[in-house]
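Colleague: I am sharing data.pdb, which consists of PDB, C-alpha atoms, pLDDT in the B column:
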```
MODEL        1
ATOM      1  CA  MET A   1      41.477 -16.789  10.025  1.00 64.00           C
ATOM      2  CA  VAL A   2      40.582 -18.424   6.702  1.00 83.00           C
ATOM      3  CA  GLY A   3      38.659 -21.154   8.512  1.00 88.00           C
ATOM      4  CA  VAL A   4      36.654 -18.781  10.715  1.00 91.00           C
ATOM      5  CA  ASP A   5      35.828 -16.389   7.874  1.00 93.00           C
ATOM      6  CA  LEU A   6      34.914 -19.156   5.446  1.00 94.00           C
ATOM      7  CA  LEU A   7      32.820 -20.948   8.070  1.00 92.00           C
ATOM      8  CA  ASP A   8      30.972 -17.727   8.859  1.00 88.00           C
ATOM      9  CA  ARG A   9      30.367 -17.012   5.168  1.00 92.00           C
ATOM     10  CA  ALA A  10      29.108 -20.557   4.579  1.00 93.00           C
ATOM     11  CA  ARG A  11      26.678 -20.413   7.496  1.00 86.00           C
ATOM     12  CA  ARG A  12      25.347 -16.982   6.525  1.00 85.00           C
ATOM     13  CA  ALA A  13      24.720 -18.327   3.016  1.00 91.00           C
ATOM     14  CA  GLY A  14      22.701 -21.227   4.447  1.00 87.00           C
ATOM     15  CA  LEU A  15      25.117 -24.149   4.738  1.00 89.00           C
ATOM     16  CA  VAL A  16      25.221 -26.347   7.820  1.00 86.00           C
ATOM     17  CA  VAL A  17      28.847 -27.243   8.570  1.00 89.00           C
ATOM     18  CA  LEU A  18      29.823 -29.619  11.363  1.00 85.00           C
ATOM     19  CA  LEU A  19      32.190 -32.386  12.325  1.00 83.00           C
ATOM     20  CA  ASP A  20      31.098 -35.969  12.775  1.00 78.00           C
ATOM     21  CA  GLY A  21      34.189 -37.471  14.332  1.00 78.00           C
ATOM     22  CA  ASP A  22      36.923 -36.683  11.786  1.00 85.00           C
ATOM     23  CA  ARG A  23      34.432 -36.315   8.951  1.00 90.00           C
ATOM     24  CA  LEU A  24      33.472 -32.835   7.784  1.00 93.00           C
ATOM     25  CA  VAL A  25      29.742 -32.665   7.039  1.00 91.00           C
ATOM     26  CA  VAL A  26      28.433 -29.897   4.791  1.00 94.00           C
ATOM     27  CA  ARG A  27      24.708 -29.687   4.058  1.00 92.00           C
ATOM     28  CA  GLY A  28      22.733 -27.160   2.112  1.00 92.00           C
ATOM     29  CA  PRO A  29      20.967 -26.338  -1.125  1.00 94.00           C
ATOM     30  CA  LYS A  30      22.517 -27.315  -4.456  1.00 95.00           C
ATOM     31  CA  ARG A  31      22.824 -23.651  -5.431  1.00 96.00           C
ATOM     32  CA  LEU A  32      25.596 -23.400  -2.798  1.00 96.00           C
ATOM     33  CA  GLN A  33      27.653 -26.259  -4.291  1.00 97.00           C
ATOM     34  CA  VAL A  34      30.613 -23.991  -5.158  1.00 97.00           C
ATOM     35  CA  LEU A  35      30.768 -22.624  -1.608  1.00 97.00           C
ATOM     36  CA  ALA A  36      30.374 -26.136  -0.156  1.00 96.00           C
ATOM     37  CA  SER A  37      33.294 -27.320  -2.301  1.00 96.00           C
ATOM     38  CA  GLU A  38      35.400 -24.428  -1.021  1.00 97.00           C
ATOM     39  CA  VAL A  39      34.578 -25.414   2.565  1.00 96.00           C
ATOM     40  CA  ILE A  40      35.558 -29.032   1.878  1.00 96.00           C
ATOM     41  CA  ALA A  41      38.778 -27.949   0.157  1.00 96.00           C
ATOM     42  CA  ASN A  42      39.706 -26.042   3.335  1.00 96.00           C
ATOM     43  CA  LYS A  43      38.889 -28.896   5.722  1.00 96.00           C
ATOM     44  CA  PRO A  44      41.951 -28.441   7.996  1.00 95.00           C
ATOM     45  CA  ALA A  45      41.203 -24.754   8.655  1.00 96.00           C
ATOM     46  CA  ILE A  46      37.458 -25.390   8.978  1.00 96.00           C
ATOM     47  CA  SER A  47      38.090 -28.257  11.420  1.00 94.00           C
ATOM     48  CA  ILE A  48      40.229 -26.021  13.623  1.00 94.00           C
ATOM     49  CA  ALA A  49      37.520 -23.348  13.615  1.00 94.00           C
ATOM     50  CA  LEU A  50      34.834 -25.916  14.474  1.00 93.00           C
ATOM     51  CA  HIS A  51      36.926 -27.368  17.328  1.00 91.00           C
ATOM     52  CA  HIS A  52      37.494 -23.873  18.704  1.00 92.00           C
ATOM     53  CA  GLU A  53      33.722 -23.205  18.633  1.00 90.00           C
ATOM     54  CA  VAL A  54      33.093 -26.279  20.769  1.00 92.00           C
ATOM     55  CA  ASP A  55      36.085 -25.794  23.085  1.00 94.00           C
ATOM     56  CA  TRP A  56      35.108 -22.382  24.488  1.00 94.00           C
ATOM     57  CA  ARG A  57      31.516 -23.537  24.933  1.00 95.00           C
ATOM     58  CA  THR A  58      32.703 -26.661  26.758  1.00 95.00           C
ATOM     59  CA  ASP A  59      34.825 -24.571  29.120  1.00 94.00           C
ATOM     60  CA  ALA A  60      31.922 -22.247  29.952  1.00 94.00           C
ATOM     61  CA  MET A  61      29.399 -25.072  30.412  1.00 94.00           C
ATOM     62  CA  HIS A  62      31.829 -27.095  32.503  1.00 93.00           C
ATOM     63  CA  THR A  63      32.204 -24.232  34.980  1.00 89.00           C
ATOM     64  CA  HIS A  64      28.424 -23.917  35.464  1.00 84.00           C
ATOM     65  CA  ALA A  65      27.870 -27.664  35.692  1.00 89.00           C
ATOM     66  CA  VAL A  66      30.650 -28.333  38.201  1.00 88.00           C
ATOM     67  CA  GLN A  67      29.403 -25.540  40.482  1.00 83.00           C
ATOM     68  CA  ALA A  68      25.913 -27.047  40.585  1.00 82.00           C
ATOM     69  CA  VAL A  69      26.915 -30.696  40.874  1.00 83.00           C
ATOM     70  CA  SER A  70      29.634 -30.085  43.482  1.00 82.00           C
ATOM     71  CA  HIS A  71      26.986 -28.615  45.796  1.00 80.00           C
ATOM     72  CA  GLY A  72      24.830 -31.719  45.440  1.00 80.00           C
ATOM     73  CA  GLY A  73      22.419 -30.191  42.977  1.00 79.00           C
ATOM     74  CA  PRO A  74      21.164 -31.629  39.717  1.00 87.00           C
ATOM     75  CA  LEU A  75      22.900 -30.991  36.426  1.00 87.00           C
ATOM     76  CA  PRO A  76      21.457 -27.706  35.135  1.00 88.00           C
ATOM     77  CA  PHE A  77      20.629 -26.776  31.560  1.00 92.00           C
ATOM     78  CA  MET A  78      24.127 -25.800  30.545  1.00 93.00           C
ATOM     79  CA  VAL A  79      24.746 -22.441  28.905  1.00 93.00           C
ATOM     80  CA  SER A  80      27.860 -20.978  27.373  1.00 92.00           C
ATOM     81  CA  ARG A  81      26.780 -17.338  27.695  1.00 91.00           C
ATOM     82  CA  ASP A  82      24.992 -15.743  30.631  1.00 88.00           C
ATOM     83  CA  THR A  83      22.734 -13.480  28.566  1.00 89.00           C
ATOM     84  CA  PRO A  84      19.164 -14.450  27.645  1.00 90.00           C
ATOM     85  CA  PRO A  85      18.954 -15.539  23.994  1.00 91.00           C
ATOM     86  CA  PRO A  86      16.720 -13.780  21.492  1.00 90.00           C
ATOM     87  CA  PRO A  87      13.812 -15.765  19.991  1.00 90.00           C
ATOM     88  CA  GLY A  88      14.874 -18.351  17.433  1.00 89.00           C
ATOM     89  CA  CYS A  89      18.373 -18.608  18.827  1.00 92.00           C
ATOM     90  CA  CYS A  90      20.336 -21.251  20.715  1.00 92.00           C
ATOM     91  CA  LEU A  91      19.273 -21.312  24.360  1.00 94.00           C
ATOM     92  CA  SER A  92      22.866 -21.981  25.396  1.00 95.00           C
ATOM     93  CA  CYS A  93      24.829 -19.358  23.449  1.00 93.00           C
ATOM     94  CA  GLY A  94      22.323 -17.109  21.682  1.00 92.00           C
ATOM     95  CA  ASP A  95      23.582 -17.803  18.161  1.00 89.00           C
ATOM     96  CA  PRO A  96      20.947 -18.176  15.418  1.00 85.00           C
ATOM     97  CA  LEU A  97      19.621 -21.708  14.974  1.00 84.00           C
ATOM     98  CA  PRO A  98      19.754 -23.374  11.551  1.00 73.00           C
ATOM     99  CA  ARG A  99      16.331 -25.016  11.855  1.00 74.00           C
ATOM    100  CA  PRO A 100      13.092 -24.201  13.616  1.00 74.00           C
ATOM    101  CA  HIS A 101      12.171 -25.932  16.882  1.00 80.00           C
ATOM    102  CA  ALA A 102      15.801 -26.637  17.813  1.00 84.00           C
ATOM    103  CA  VAL A 103      16.950 -25.515  21.250  1.00 91.00           C
ATOM    104  CA  ARG A 104      20.727 -25.732  20.819  1.00 91.00           C
ATOM    105  CA  CYS A 105      23.133 -25.125  17.981  1.00 88.00           C
ATOM    106  CA  ALA A 106      25.433 -28.001  16.974  1.00 84.00           C
ATOM    107  CA  PRO A 107      28.533 -26.625  18.781  1.00 89.00           C
ATOM    108  CA  CYS A 108      26.585 -26.192  22.041  1.00 92.00           C
ATOM    109  CA  GLY A 109      25.102 -29.676  21.691  1.00 90.00           C
ATOM    110  CA  GLU A 110      28.562 -31.191  21.314  1.00 88.00           C
ATOM    111  CA  ALA A 111      29.908 -29.106  24.201  1.00 92.00           C
ATOM    112  CA  ALA A 112      27.075 -30.269  26.473  1.00 93.00           C
ATOM    113  CA  ARG A 113      27.753 -33.906  25.517  1.00 89.00           C
ATOM    114  CA  ARG A 114      31.449 -33.445  26.367  1.00 89.00           C
ATOM    115  CA  VAL A 115      30.621 -32.034  29.804  1.00 92.00           C
ATOM    116  CA  VAL A 116      28.147 -34.817  30.586  1.00 90.00           C
ATOM    117  CA  ARG A 117      30.655 -37.483  29.472  1.00 87.00           C
ATOM    118  CA  GLU A 118      33.298 -35.924  31.710  1.00 87.00           C
ATOM    119  CA  LEU A 119      31.081 -35.538  34.773  1.00 85.00           C
ATOM    120  CA  TYR A 120      29.286 -38.859  34.355  1.00 80.00           C
ATOM    121  CA  PRO A 121      31.705 -41.227  32.598  1.00 74.00           C
ATOM    122  CA  VAL A 122      29.453 -44.243  33.104  1.00 66.00           C
ATOM    123  CA  VAL A 123      26.742 -42.680  30.931  1.00 54.00           C
ATOM    124  CA  ARG A 124      26.901 -44.150  27.457  1.00 57.00           C
ATOM    125  CA  GLU A 125      25.295 -42.737  24.348  1.00 57.00           C
ATOM    126  CA  SER A 126      23.332 -45.242  22.312  1.00 55.00           C
TER     127      SER A 126
ENDMDL
END
```
Could you render the structure as structure tokens?

Modeller:
Amino acid sequence: MVGVDLLDRARRAGLVVLLDGDRLVVRGPKRLQVLASEVIANKPAISIALHHEVDWRTDAMHTHAVQAVSHGGPLPFMVSRDTPPPPGCCLSCGDPLPRPHAVRCAPCGEAARRVVRELYPVVRES
């Protein structure tokens, strides 16, 4: 649980932690440099935690999307939780958003991209 706990602590402190392919990206204010270094030093555990965050969201979104598309409907706005989000939170999962005017958190964004790539393999990202 080191990865989950450390990731949670880093995000609560104000760091943005995400994966870009195999690269771990950590962004935040300089005052959090020590915590950012700890996150980087624990990259394997953090990577597992980040993959898990995206995996459960992908599974939930996939279920909703397949139900809609298999009945001939359009691809809906995919959500990973069925409860309405509070203001300022991800519209897909309800978790707090790291920046104003965003609609999805990074894990939900990646999960949605995975589902679209699976359902529409000819769609290419530019």

Colleague: Can you pull out every residue within 12 Å of Gly109 in chain A, counting all atoms listed in the file, but drop anything in the same chain fewer than 5 positions away, and send it as a list in words?

Modeller: Leu18, Glu53, Val54, Asp55, Arg57, Thr58, Met61, Phe77, Met78, Val79, Ser80, Cys90, Leu91, Ser92, Cys93, Leu97, Ala102, Val103, Arg104, Arg114, Val115 and Val116 of chain A

Colleague: Quote the spacing between CA of His52 in chain A and CA of Val4 in chain A in Å to one decimal place.

Modeller: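 If I compute the distance from CA of His52 in chain A to CA of Val4 in chain A, I get 9.5 Å.
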
Colleague: Hey, which of A:Gly73, A:Pro98, A:Val25, A:Ala45 ends up closest to Ala13 in chain A? Count all atoms listed in the file.

Modeller: A:Pro98

Colleague: Using CA of Asp95 in chain A and CA of Ile40 in chain A as the two end points, give the distance in Å to one decimal.

Modeller: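 Rounded to one decimal, the two atoms are 23.1 Å apart.
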
Colleague: Report, in Å with one decimal, the straight-line distance from CA of Val39 in chain A to CA of Leu15 in chain A.

Modeller: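 Distance between the two atoms: 9.8 Å.
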
Colleague: Which residue, A:Asp8, A:Ile46, A:Leu19, A:Tyr120, has the smallest gap to Pro107 in chain A when you use only C-alpha atoms?

Modeller: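 Result for the nearest residue to Pro107 in chain A: A:Leu19.
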
Colleague: Once 4 Å is added on each side, what are the centre and the three edge lengths, in Å to one decimal, of the axis-aligned box enclosing the listed atoms of range 86-100 of chain A? Present them as JSON.

Modeller:
```
{"center_x": 19.0, "center_y": -19.4, "center_z": 18.5, "size_x": 19.7, "size_y": 19.2, "size_z": 21.8}
```

Colleague: Please evaluate the PyMOL selection byres ((chain A and resi 66) around 12) against the structure above and give the resulting residues as a ChimeraX atom specification.

Modeller: /A:58-65,67-76,78,115-116,118-120

Colleague: Quick check on the file I pasted: which residues fall under the PyMOL selection byres ((chain A and resi 30-33) around 9)? Write them as a PyMOL selection string.

Modeller: chain A and resi 10+13-15+28-29+34-38

Colleague: Considering only C-alpha atoms, return as a list of chain:residue names whatever protein or nucleic-acid residues lie within 12 Å of Asp20 in chain A, sequence-local ones (same chain, fewer than 3 positions apart) excluded.

Modeller: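 So the residues in contact are A:Val17, A:Arg23, A:Leu24, A:Val25, A:Val26, A:Ser47, A:Leu50, A:His51, A:Ala106, A:Pro107, A:Glu110.
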